[in-house]
Amino acid sequence: MTAIHGQPDLFGPGPSLPEGFRYQAGLITADEERDLATAIAGLPFAAFQFHGYVGKRRTVSFGRHYDFGQERLREAAPMPEFLQPLRERMAGFAGLAPSALPHVLVTEYAPGAGIGWHRDKAVFGDVLGLSLLAPCPFRFRRAQGAGWKRASVTLEPRSAYLLRGASRTEWEHSIPAVEALRYSVTFRSLR
Ligand SMILES: O=C(O)CCC(=O)C(=O)O
Ligand SMILES: [Fe+2]
């Protein structure tokens, strides 16, 4: 059950998802999710103030860190051991070598936290996200005439997604304020 909105129905195809977007339910097991969430809870999160800050989103990155003040990429602490197997699996999902994903961002969405409309920074290439704990809508929009073309997908816990192609470069994405704690682990390649 992928819970993708706008699947074909009796009236023909509904609004389709952006080109280059891929979704994989159940990339990790419930046991792996529990162990990851426990390890993630111990990370040194800091409040984040960008991308339309909503509520209490907190982040920590490893490998590289995007400095929004200086608008450049910096070295960051090495990826913790517990994220290495996940990096391998995410790389496999996207058809990449693990070494092609030198950066990871871990985000904590407390209840009421979300992320506003944005495209990820252009220094990054592919964007690969894993969702833990609570599900959330993942919204897409793209300018069309005077308005917006829109699409949405539900990110279930333990699922992974890939932003590549138009879904990465042409469409913006956002997540409305969550109702329950959600973690995401976002690996990115460099351009
Ligand atoms: O939490 C997510 O899955 C998405 C986060 C995101 O869009 C970002 O950090 O750029
Ligand atoms: Fe993003």
# chains A, B, ... in the order shown; residues from 1 in each chain; ligands from 1

$ closest_atom_pairs --of "chain A" --to "ligand 1" --cutoff "6 Å" --atoms "only C-alpha atoms and all ligand atoms" --output "JSON lines"
{"residue": "A:Asp120", "atom": "CA", "partner": "ligand 1", "partner_atom_place_in_ligand_line": "10 (O)", "distance": 5.3}
{"residue": "A:Gly129", "atom": "CA", "partner": "ligand 1", "partner_atom_place_in_ligand_line": "3 (O)", "distance": 5.2}
{"residue": "A:Ser184", "atom": "CA", "partner": "ligand 1", "partner_atom_place_in_ligand_line": "1 (O)", "distance": 4.8}

$ closest_atom_pairs --of "chain A" --to "ligand 2" --cutoff "10 Å" --atoms "only C-alpha atoms and all ligand atoms" --output "CSV"
residue,atom,partner,partner_atom_place_in_ligand_line,distance
A:His51,CA,ligand 2,1 (Fe),8.4
A:Ile115,CA,ligand 2,1 (Fe),8.0
A:Gly116,CA,ligand 2,1 (Fe),8.9
A:Trp117,CA,ligand 2,1 (Fe),8.3
A:His118,CA,ligand 2,1 (Fe),6.3
A:Arg119,CA,ligand 2,1 (Fe),5.8
A:Asp120,CA,ligand 2,1 (Fe),4.8
A:Lys121,CA,ligand 2,1 (Fe),8.4
A:Val127,CA,ligand 2,1 (Fe),7.8
A:Leu128,CA,ligand 2,1 (Fe),9.6
A:Gly129,CA,ligand 2,1 (Fe),9.0
A:Leu163,CA,ligand 2,1 (Fe),9.0
A:Arg168,CA,ligand 2,1 (Fe),8.8
A:Glu172,CA,ligand 2,1 (Fe),8.0
A:His173,CA,ligand 2,1 (Fe),6.4
A:Ser174,CA,ligand 2,1 (Fe),7.2
A:Ile175,CA,ligand 2,1 (Fe),9.1
A:Thr186,CA,ligand 2,1 (Fe),8.6

$ atom_distance --atom1 "CA of Ala113 in chain A" --atom2 "CA of Ala94 in chain A"
27.6 Å

$ residues_around --residues "Glu108 in chain A" --least-positions-apart "6" --cutoff "8 Å" --atoms "only C-alpha atoms" --output "ChimeraX atom specification"
/A:45,57-59,181-184

$ closest_residue --among "A:Ala151, A:Leu132, A:Ala180, A:Val123" --to "Leu73 in chain A" --atoms "only C-alpha atoms"
A:Val123

$ select_by_dssp --residues "range 12-172 of chain A" --states "strand (DSSP E or B)" --output "VMD selection string"
chain A and resid 12 22 to 24 46 to 47 53 to 54 58 to 62 64 to 67 72 to 75 103 to 109 114 to 118 124 to 133 136 to 144 147 to 155 160 to 163 172

$ residues_around --residues "range 32-34 of chain A" --least-positions-apart "2" --cutoff "10 Å" --atoms "only C-alpha atoms" --output "mmCIF file with C-alpha atoms, in the first residue's frame"
data_model
loop_
_atom_site.group_PDB
_atom_site.id
_atom_site.type_symbol
_atom_site.label_atom_id
_atom_site.label_comp_id
_atom_site.auth_asym_id
_atom_site.auth_seq_id
_atom_site.Cartn_x
_atom_site.Cartn_y
_atom_site.Cartn_z
ATOM 1 C CA LEU A 27 12.621 0.092 3.101
ATOM 2 C CA ILE A 28 13.378 -0.865 6.706
ATOM 3 C CA THR A 29 11.649 -3.182 9.190
ATOM 4 C CA ALA A 30 9.784 -2.125 12.337
ATOM 5 C CA LEU A 36 17.208 3.874 14.475
ATOM 6 C CA ALA A 37 14.725 6.064 16.372
ATOM 7 C CA THR A 38 16.460 5.251 19.657
ATOM 8 C CA ALA A 39 19.879 6.171 18.253
ATOM 9 C CA ILE A 40 18.517 9.295 16.544
ATOM 10 C CA LEU A 86 21.064 2.755 6.167
ATOM 11 C CA SER A 131 10.684 8.484 7.192
ATOM 12 C CA LEU A 132 10.404 7.215 10.767
ATOM 13 C CA LEU A 133 7.534 7.048 13.282
ATOM 14 C CA PRO A 157 6.910 5.331 8.387
ATOM 15 C CA ARG A 158 9.801 3.115 7.144
#

$ closest_residue --among "A:Gly63, A:Tyr161, A:Glu81, A:Ala146" --to "Ser99 in chain A" --atoms "only C-alpha atoms"
A:Gly63

$ atom_distance --atom1 "CA of Arg22 in chain A" --atom2 "CA of Trp171 in chain A"
13.9 Å

$ residues_around --residues "Ser152 in chain A" --least-positions-apart "3" --cutoff "6 Å" --atoms "only C-alpha atoms" --output "PyMOL selection string"
chain A and resi 138-140

$ residues_around --residues "Arg74 in chain A" --least-positions-apart "2" --cutoff "10 Å" --atoms "only C-alpha atoms" --output "list in words"
Gly63, Arg64, His65, Tyr66, Asp67, Gln70, Glu71, Arg72 and Ala76 of chain A

$ write_last_selection --atoms "C-alpha atoms" --output "JSON list (two decimals), in the first residue's frame"
[["chain", "number", "residue", "atom", "x", "y", "z"],
["A", 63, "GLY", "CA", 29.70, 14.35, 6.48],
["A", 64, "ARG", "CA", 28.90, 17.77, 5.07],
["A", 65, "HIS", "CA", 26.87, 20.59, 6.50],
["A", 66, "TYR", "CA", 25.18, 23.31, 4.45],
["A", 67, "ASP", "CA", 25.90, 26.67, 6.07],
["A", 70, "GLN", "CA", 27.56, 31.63, 4.36],
["A", 71, "GLU", "CA", 25.63, 29.81, 1.60],
["A", 72, "ARG", "CA", 28.27, 27.14, 1.27],
["A", 76, "ALA", "CA", 30.89, 18.16, 9.29]]

$ decode --residues "range 58-87 of chain A" --atoms "C-alpha atoms" --output "CSV table (one decimal), in the first residue's frame"
chain,number,residue,atom,x,y,z
A,58,ARG,CA,15.5,20.5,14.7
A,59,THR,CA,18.3,19.1,12.6
A,60,VAL,CA,21.8,17.7,12.7
A,61,SER,CA,24.0,16.9,9.7
A,62,PHE,CA,27.0,14.7,9.2
A,63,GLY,CA,29.7,14.3,6.5
A,64,ARG,CA,28.9,17.8,5.1
A,65,HIS,CA,26.9,20.6,6.5
A,66,TYR,CA,25.2,23.3,4.5
A,67,ASP,CA,25.9,26.7,6.1
A,68,PHE,CA,22.8,28.8,5.2
A,69,GLY,CA,24.5,31.9,6.6
A,70,GLN,CA,27.6,31.6,4.4
A,71,GLU,CA,25.6,29.8,1.6
A,72,ARG,CA,28.3,27.1,1.3
A,73,LEU,CA,29.0,23.6,2.1
A,74,ARG,CA,31.3,22.8,5.0
A,75,GLU,CA,32.9,19.6,6.4
A,76,ALA,CA,30.9,18.2,9.3
A,77,ALA,CA,31.5,15.4,11.8
A,78,PRO,CA,31.7,11.9,10.2
A,79,MET,CA,28.6,9.9,9.7
A,80,PRO,CA,27.9,7.9,12.9
A,81,GLU,CA,28.4,4.1,12.5
A,82,PHE,CA,24.6,3.4,13.0
A,83,LEU,CA,23.8,5.3,9.8
A,84,GLN,CA,26.2,3.4,7.6
A,85,PRO,CA,23.9,0.4,6.9
A,86,LEU,CA,21.1,2.8,6.2
A,87,ARG,CA,23.2,4.7,3.8
